[in-house]
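S.K.: Enclosed is the structure file query17.pdb (PDB, C-alpha atoms).
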```pdb
ATOM      1  CA  MET A1416       0.000   0.000   0.000
ATOM      2  CA  ALA A1417       0.997   3.633  -0.443
ATOM      3  CA  ASP A1418       3.295   5.086   2.216
ATOM      4  CA  PHE A1419       3.050   8.678   3.458
ATOM      5  CA  GLN A1420       6.734   8.788   4.411
ATOM      6  CA  HIS A1421       7.713   8.232   0.776
ATOM      7  CA  PHE A1422       5.453  11.124  -0.253
ATOM      8  CA  LEU A1423       6.490  13.788   2.266
ATOM      9  CA  PRO A1424      10.052  14.586   1.063
ATOM     10  CA  GLY A1425       8.865  15.242  -2.490
ATOM     11  CA  LEU A1426       6.019  17.411  -1.228
ATOM     12  CA  MET A1427       8.414  19.492   0.833
ATOM     13  CA  GLY A1428      10.576  19.970  -2.236
ATOM     14  CA  ARG A1429       7.576  21.351  -4.118
ATOM     15  CA  GLU A1430       6.129  23.463  -1.342
ATOM     16  CA  GLY A1431       9.346  25.094  -0.194
ATOM     17  CA  GLY A1432       9.426  27.392   2.809
ATOM     18  CA  TYR A1433       7.879  30.746   3.685
ATOM     19  CA  VAL A1434       5.973  32.783   1.095
ATOM     20  CA  ASP A1435       3.623  35.758   1.467
ATOM     21  CA  HIS A1436       2.516  36.298  -2.142
ATOM     22  CA  PRO A1437      -0.036  39.136  -2.507
ATOM     23  CA  ALA A1438      -1.985  37.276  -5.224
ATOM     24  CA  ASP A1439      -2.332  34.075  -3.197
ATOM     25  CA  PRO A1440      -5.783  33.719  -1.560
ATOM     26  CA  GLY A1441      -4.100  31.613   1.115
ATOM     27  CA  LYS A1442      -1.990  34.641   2.132
ATOM     28  CA  GLU A1443       1.038  33.580   4.187
ATOM     29  CA  THR A1444       2.178  30.002   3.616
ATOM     30  CA  TYR A1445       4.877  27.920   5.212
ATOM     31  CA  ALA A1446       5.800  24.531   3.712
ATOM     32  CA  GLY A1447       2.560  24.831   1.743
ATOM     33  CA  VAL A1448       0.341  25.374   4.805
ATOM     34  CA  ALA A1449      -1.835  28.401   4.036
ATOM     35  CA  ARG A1450      -2.542  30.648   6.994
ATOM     36  CA  ALA A1451      -5.886  31.890   5.666
ATOM     37  CA  TYR A1452      -7.223  28.322   5.544
ATOM     38  CA  ASN A1453      -5.359  26.899   8.555
ATOM     39  CA  PRO A1454      -5.113  29.744  11.086
ATOM     40  CA  GLN A1455      -5.038  27.388  14.092
ATOM     41  CA  TRP A1456      -2.007  25.399  12.900
ATOM     42  CA  ARG A1457       0.549  25.402  15.712
ATOM     43  CA  GLY A1458       3.412  26.040  13.305
ATOM     44  CA  TRP A1459       2.327  29.661  12.951
ATOM     45  CA  ALA A1460       3.531  30.358  16.496
ATOM     46  CA  LEU A1461       7.037  29.353  15.404
ATOM     47  CA  VAL A1462       6.800  31.464  12.243
ATOM     48  CA  ASP A1463       5.537  34.474  14.202
ATOM     49  CA  ALA A1464       8.328  34.129  16.747
ATOM     50  CA  VAL A1465      10.882  34.314  13.939
ATOM     51  CA  LYS A1466       9.116  37.289  12.326
ATOM     52  CA  THR A1467       9.102  39.117  15.660
ATOM     53  CA  LYS A1468      12.801  38.418  16.166
ATOM     54  CA  LEU A1469      13.505  39.768  12.668
ATOM     55  CA  CYS A1470      11.150  42.765  13.167
ATOM     56  CA  LEU A1471       8.953  41.679  10.252
ATOM     57  CA  HIS A1472       5.214  42.110   9.743
ATOM     58  CA  SER A1473       2.847  40.889   7.013
ATOM     59  CA  PRO A1474       2.960  41.426   4.146
ATOM     60  CA  VAL A1475       6.573  40.297   4.310
ATOM     61  CA  PRO A1476       8.684  41.475   1.355
ATOM     62  CA  ALA A1477      10.063  38.678  -0.820
ATOM     63  CA  ALA A1478      13.610  39.750  -0.035
ATOM     64  CA  LYS A1479      13.048  38.658   3.590
ATOM     65  CA  TYR A1480      11.711  35.144   2.879
ATOM     66  CA  ALA A1481      15.210  33.654   2.985
ATOM     67  CA  ALA A1482      15.849  35.039   6.457
ATOM     68  CA  ILE A1483      12.684  33.400   7.796
ATOM     69  CA  ASN A1484      13.485  30.123   6.075
ATOM     70  CA  GLN A1485      17.036  30.127   7.381
ATOM     71  CA  ALA A1486      15.813  30.672  10.927
ATOM     72  CA  LEU A1487      13.319  27.794  10.693
ATOM     73  CA  HIS A1488      15.496  25.379   8.729
ATOM     74  CA  GLY A1489      16.217  22.278  10.774
ATOM     75  CA  ASN A1490      13.737  23.205  13.532
ATOM     76  CA  ALA A1491      12.745  19.743  14.802
ATOM     77  CA  GLU A1492       9.435  20.893  16.292
ATOM     78  CA  MET A1493       8.426  22.491  12.992
ATOM     79  CA  GLN A1494       9.224  19.298  11.068
ATOM     80  CA  VAL A1495       7.006  17.252  13.391
ATOM     81  CA  LEU A1496       4.160  19.766  13.030
ATOM     82  CA  ILE A1497       4.434  19.781   9.229
ATOM     83  CA  SER A1498       4.430  15.988   8.964
ATOM     84  CA  ALA A1499       1.480  15.598  11.350
ATOM     85  CA  PHE A1500      -0.490  18.282   9.517
ATOM     86  CA  TYR A1501      -0.151  16.704   6.075
ATOM     87  CA  LYS A1502      -0.716  13.156   7.307
ATOM     88  CA  ALA A1503      -3.954  13.970   9.128
ATOM     89  CA  SER A1504      -5.373  16.665   6.866
ATOM     90  CA  TYR A1505      -4.635  15.187   3.446
ATOM     91  CA  TRP A1506      -3.224  11.655   3.386
ATOM     92  CA  ASP A1507      -5.614  10.200   5.970
ATOM     93  CA  GLU A1508      -8.535  12.324   4.795
ATOM     94  CA  LEU A1509      -8.206  10.733   1.338
ATOM     95  CA  GLN A1510      -7.807   7.174   2.722
ATOM     96  CA  LEU A1511      -4.442   6.859   1.003
ATOM     97  CA  ASP A1512      -3.019   4.213   3.340
ATOM     98  CA  HIS A1513      -5.511   1.902   1.586
ATOM     99  CA  VAL A1514      -4.597   2.849  -2.001
ATOM    100  CA  SER A1515      -2.271   0.329  -3.625
ATOM    101  CA  SER A1516      -0.493   2.635  -6.099
ATOM    102  CA  GLN A1517       2.120   4.927  -4.549
ATOM    103  CA  ALA A1518       2.181   7.118  -7.666
ATOM    104  CA  LEU A1519      -1.592   7.585  -7.688
ATOM    105  CA  ALA A1520      -1.784   8.187  -3.937
ATOM    106  CA  GLU A1521       0.901  10.853  -4.214
ATOM    107  CA  GLN A1522      -0.938  12.618  -7.032
ATOM    108  CA  MET A1523      -4.167  12.589  -5.029
ATOM    109  CA  ALA A1524      -2.468  13.894  -1.898
ATOM    110  CA  ASP A1525      -0.555  16.526  -3.831
ATOM    111  CA  HIS A1526      -3.725  17.826  -5.449
ATOM    112  CA  GLY A1527      -5.399  17.857  -2.050
ATOM    113  CA  THR A1528      -2.658  20.038  -0.607
ATOM    114  CA  ASN A1529      -2.954  22.381  -3.572
ATOM    115  CA  ALA A1530      -6.728  22.468  -4.075
ATOM    116  CA  GLY A1531      -8.458  20.985  -1.014
ATOM    117  CA  THR A1532      -9.314  17.326  -0.368
ATOM    118  CA  SER A1533     -12.887  17.462  -1.707
ATOM    119  CA  ARG A1534     -11.572  18.020  -5.222
ATOM    120  CA  PRO A1535      -9.231  15.030  -5.637
ATOM    121  CA  ALA A1536     -11.824  12.828  -3.923
ATOM    122  CA  LYS A1537     -14.417  13.581  -6.595
ATOM    123  CA  MET A1538     -11.833  13.668  -9.365
ATOM    124  CA  ILE A1539     -10.575  10.140  -8.632
ATOM    125  CA  GLN A1540     -14.143   8.802  -8.592
ATOM    126  CA  PHE A1541     -14.757  10.523 -11.925
ATOM    127  CA  ALA A1542     -11.492   9.076 -13.285
ATOM    128  CA  VAL A1543     -12.468   5.544 -12.195
ATOM    129  CA  ASN A1544     -15.695   5.918 -14.168
ATOM    130  CA  GLN A1545     -13.781   7.279 -17.165
ATOM    131  CA  VAL A1546     -11.400   4.316 -17.202
ATOM    132  CA  ALA A1547     -14.222   1.809 -16.685
ATOM    133  CA  GLY A1548     -16.343   3.393 -19.397
ATOM    134  CA  LYS A1549     -19.352   3.231 -17.088
ATOM    135  CA  PRO A1550     -20.501   4.766 -13.781
ATOM    136  CA  LEU A1551     -19.038   2.385 -11.206
ATOM    137  CA  LEU A1552     -18.992   5.068  -8.520
ATOM    138  CA  VAL A1553     -21.172   7.951  -7.434
ATOM    139  CA  VAL A1554     -19.057  11.090  -7.729
ATOM    140  CA  ASP A1555     -19.816  12.389  -4.244
ATOM    141  CA  GLY A1556     -16.344  12.824  -2.772
ATOM    142  CA  GLN A1557     -16.960  10.170  -0.118
ATOM    143  CA  LEU A1558     -13.991   7.811  -0.307
ATOM    144  CA  GLY A1559     -15.300   4.748   1.486
ATOM    145  CA  MET A1560     -14.180   1.175   0.923
ATOM    146  CA  LYS A1561     -16.306   0.851  -2.234
ATOM    147  CA  SER A1562     -14.396   3.718  -3.817
ATOM    148  CA  VAL A1563     -11.016   2.468  -2.579
ATOM    149  CA  THR A1564     -11.730  -1.042  -3.878
ATOM    150  CA  ALA A1565     -12.683   0.362  -7.288
ATOM    151  CA  ILE A1566      -9.562   2.542  -7.342
ATOM    152  CA  ASN A1567      -7.324  -0.447  -6.605
ATOM    153  CA  ALA A1568      -9.125  -2.695  -9.107
ATOM    154  CA  ALA A1569      -8.775  -0.246 -12.014
ATOM    155  CA  ASP A1570      -5.983  -0.346 -14.588
ATOM    156  CA  GLN A1571      -3.458   1.668 -12.568
ATOM    157  CA  ALA A1572      -1.569   3.158 -15.508
ATOM    158  CA  LYS A1573      -4.777   4.328 -17.179
ATOM    159  CA  LEU A1574      -6.207   5.632 -13.912
ATOM    160  CA  LEU A1575      -3.069   7.613 -13.111
ATOM    161  CA  LYS A1576      -3.057   9.103 -16.609
ATOM    162  CA  ALA A1577      -6.749  10.048 -16.327
ATOM    163  CA  PHE A1578      -6.291  11.641 -12.900
ATOM    164  CA  VAL A1579      -3.239  13.624 -13.978
ATOM    165  CA  GLN A1580      -5.165  14.916 -16.998
ATOM    166  CA  LEU A1581      -7.975  16.046 -14.692
ATOM    167  CA  ARG A1582      -5.419  17.939 -12.627
ATOM    168  CA  ARG A1583      -4.179  19.638 -15.789
ATOM    169  CA  ASP A1584      -7.772  20.451 -16.801
ATOM    170  CA  HIS A1585      -8.384  21.923 -13.352
ATOM    171  CA  TYR A1586      -5.347  24.196 -13.426
ATOM    172  CA  GLU A1587      -5.827  25.381 -16.994
ATOM    173  CA  TYR A1588      -9.527  26.094 -16.438
ATOM    174  CA  ARG A1589      -8.824  27.774 -13.080
ATOM    175  CA  THR A1590      -6.422  30.199 -14.739
ATOM    176  CA  GLY A1591      -8.675  30.861 -17.737
ATOM    177  CA  VAL A1592      -6.260  29.244 -20.188
ATOM    178  CA  ARG A1593      -8.530  26.499 -21.530
ATOM    179  CA  THR A1594     -12.067  25.158 -21.188
ATOM    180  CA  PRO A1595     -12.139  21.342 -21.009
ATOM    181  CA  ALA A1596     -14.608  18.865 -22.533
ATOM    182  CA  PRO A1597     -18.239  19.255 -21.383
ATOM    183  CA  ASP A1598     -18.228  16.327 -18.936
ATOM    184  CA  VAL A1599     -15.022  17.528 -17.293
ATOM    185  CA  LEU A1600     -16.305  21.106 -17.257
ATOM    186  CA  ALA A1601     -19.407  19.926 -15.412
ATOM    187  CA  LEU A1602     -17.179  18.179 -12.870
ATOM    188  CA  LEU A1603     -15.048  21.281 -12.331
ATOM    189  CA  LYS A1604     -18.119  23.450 -11.897
ATOM    190  CA  SER A1605     -19.439  20.987  -9.303
ATOM    191  CA  LEU A1606     -16.110  21.471  -7.523
ATOM    192  CA  LYS A1607     -16.708  25.236  -7.544
ATOM    193  CA  VAL A1608     -13.683  25.885  -9.757
ATOM    194  CA  VAL A1609     -14.074  29.382 -11.218
ATOM    195  CA  PRO A1610     -11.779  30.825 -13.908
ATOM    196  CA  ASP A1611      -9.616  33.645 -12.607
ATOM    197  CA  PRO A1612      -6.935  34.990 -14.963
ATOM    198  CA  THR A1613      -5.116  36.629 -12.042
ATOM    199  CA  GLN A1614      -4.137  33.122 -10.936
ATOM    200  CA  LYS A1615      -2.219  32.527 -14.167
ATOM    201  CA  VAL A1616       0.911  33.663 -12.347
ATOM    202  CA  PHE A1617       0.808  30.298 -10.535
ATOM    203  CA  LEU A1618       0.100  28.086 -13.576
ATOM    204  CA  LYS A1619       3.704  27.183 -14.364
ATOM    205  CA  SER A1620       4.392  26.043 -10.804
ATOM    206  CA  TRP A1621       1.081  24.152 -10.634
ATOM    207  CA  LEU A1622       1.776  22.275 -13.848
ATOM    208  CA  ALA A1623       5.278  21.471 -12.595
ATOM    209  CA  ARG A1624       3.612  19.347  -9.893
ATOM    210  CA  LEU A1625       2.385  16.915 -12.562
ATOM    211  CA  PRO A1626       4.492  13.945 -13.735
ATOM    212  CA  LYS A1627       6.166  14.392 -17.089
TER     213      LYS A1627
END
```
So that I can check it, write out the structure of this file as structure tokens.
M.R.:
Amino acid sequence: MADFQHFLPGLMGREGGYVDHPADPGKETYAGVARAYNPQWRGWALVDAVKTKLCLHSPVPAAKYAAINQALHGNAEMQVLISAFYKASYWDELQLDHVSSQALAEQMADHGTNAGTSRPAKMIQFAVNQVAGKPLLVVDGQLGMKSVTAINAADQAKLLKAFVQLRRDHYEYRTGVRTPAPDVLALLKSLKVVPDPTQKVFLKSWLARLPK
């Protein structure tokens, strides 16, 4: 079965450290944890302590990100908090300990961290139906054992390819670059994905999260 510990190092490589991008709805982020969506995360106390020590206040200028990251690099407490956050909020939420394919589980978890867990949950159910050529699953975002069994029983190469394409469709539609096929468009609308050209600044980095 898929293993969270194999996923985490790659995720940290993609998420990086501290960012306070003015165009990001999540506002401040550290290791991909968005403050606007996760204000109670205990890691923010460590970030704020560093900002206070450096006499910094939000919005933090980009030139100061490195100083914050340097101060937090190697902080053992922060590493524990990051790992626990992603395991509970994304990996466990998507039932990924029960998914047989490591590659697929990592794509699902990665999309969850980037777009919220309700989206990859519905997207994988939709992808299972695409690969099967018939509606095996209700696309409701509830990943119970019926969904997990269907995920594991599907052709894994085809399912991974279908899910990755849905991620691409999501990002390109979200940034106003492209409108997907009608059935996929209906899915994205059900996920409350709304085109916003201002988000195009993030498209390159979002697409870089997909396998080549």
S.K.: Can you translate the PyMOL selection byres ((chain A and resi 1479) around 12) into the concrete residues it hits in this file, as an NGL selection string?
M.R.: :A and (1432-1435 or 1465-1466 or 1469-1478 or 1480-1486)
S.K.: Do a neighbour search on stretch 1521-1527 of chain A at 6 Å with all atoms listed in the file, toss out local chain neighbours closer than 5 positions, and write the hits as a PyMOL selection string.
M.R.: chain A and resi 1505-1506+1532+1535
S.K.: Would you translate the PyMOL selection byres ((chain A and resi 1621) around 10) into the concrete set of residues it matches in this file, as a PyMOL selection string?
M.R.: chain A and resi 1429+1526+1529+1582-1583+1586-1587+1615-1620+1622-1625
S.K.: Excluding A:Leu1603 and residues on its chain fewer than 6 positions from it, collect all residues at most 9 Å away from it, counting only C-alpha atoms, and give them as a ChimeraX atom specification.
M.R.: /A:1534,1538,1584-1585,1588,1609
S.K.: Between atom CA of A:Phe1419 and atom CA of A:Ala1464, what is the spacing in Å?
M.R.: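 Atom CA of A:Phe1419 lies 29.2 Å from atom CA of A:Ala1464.
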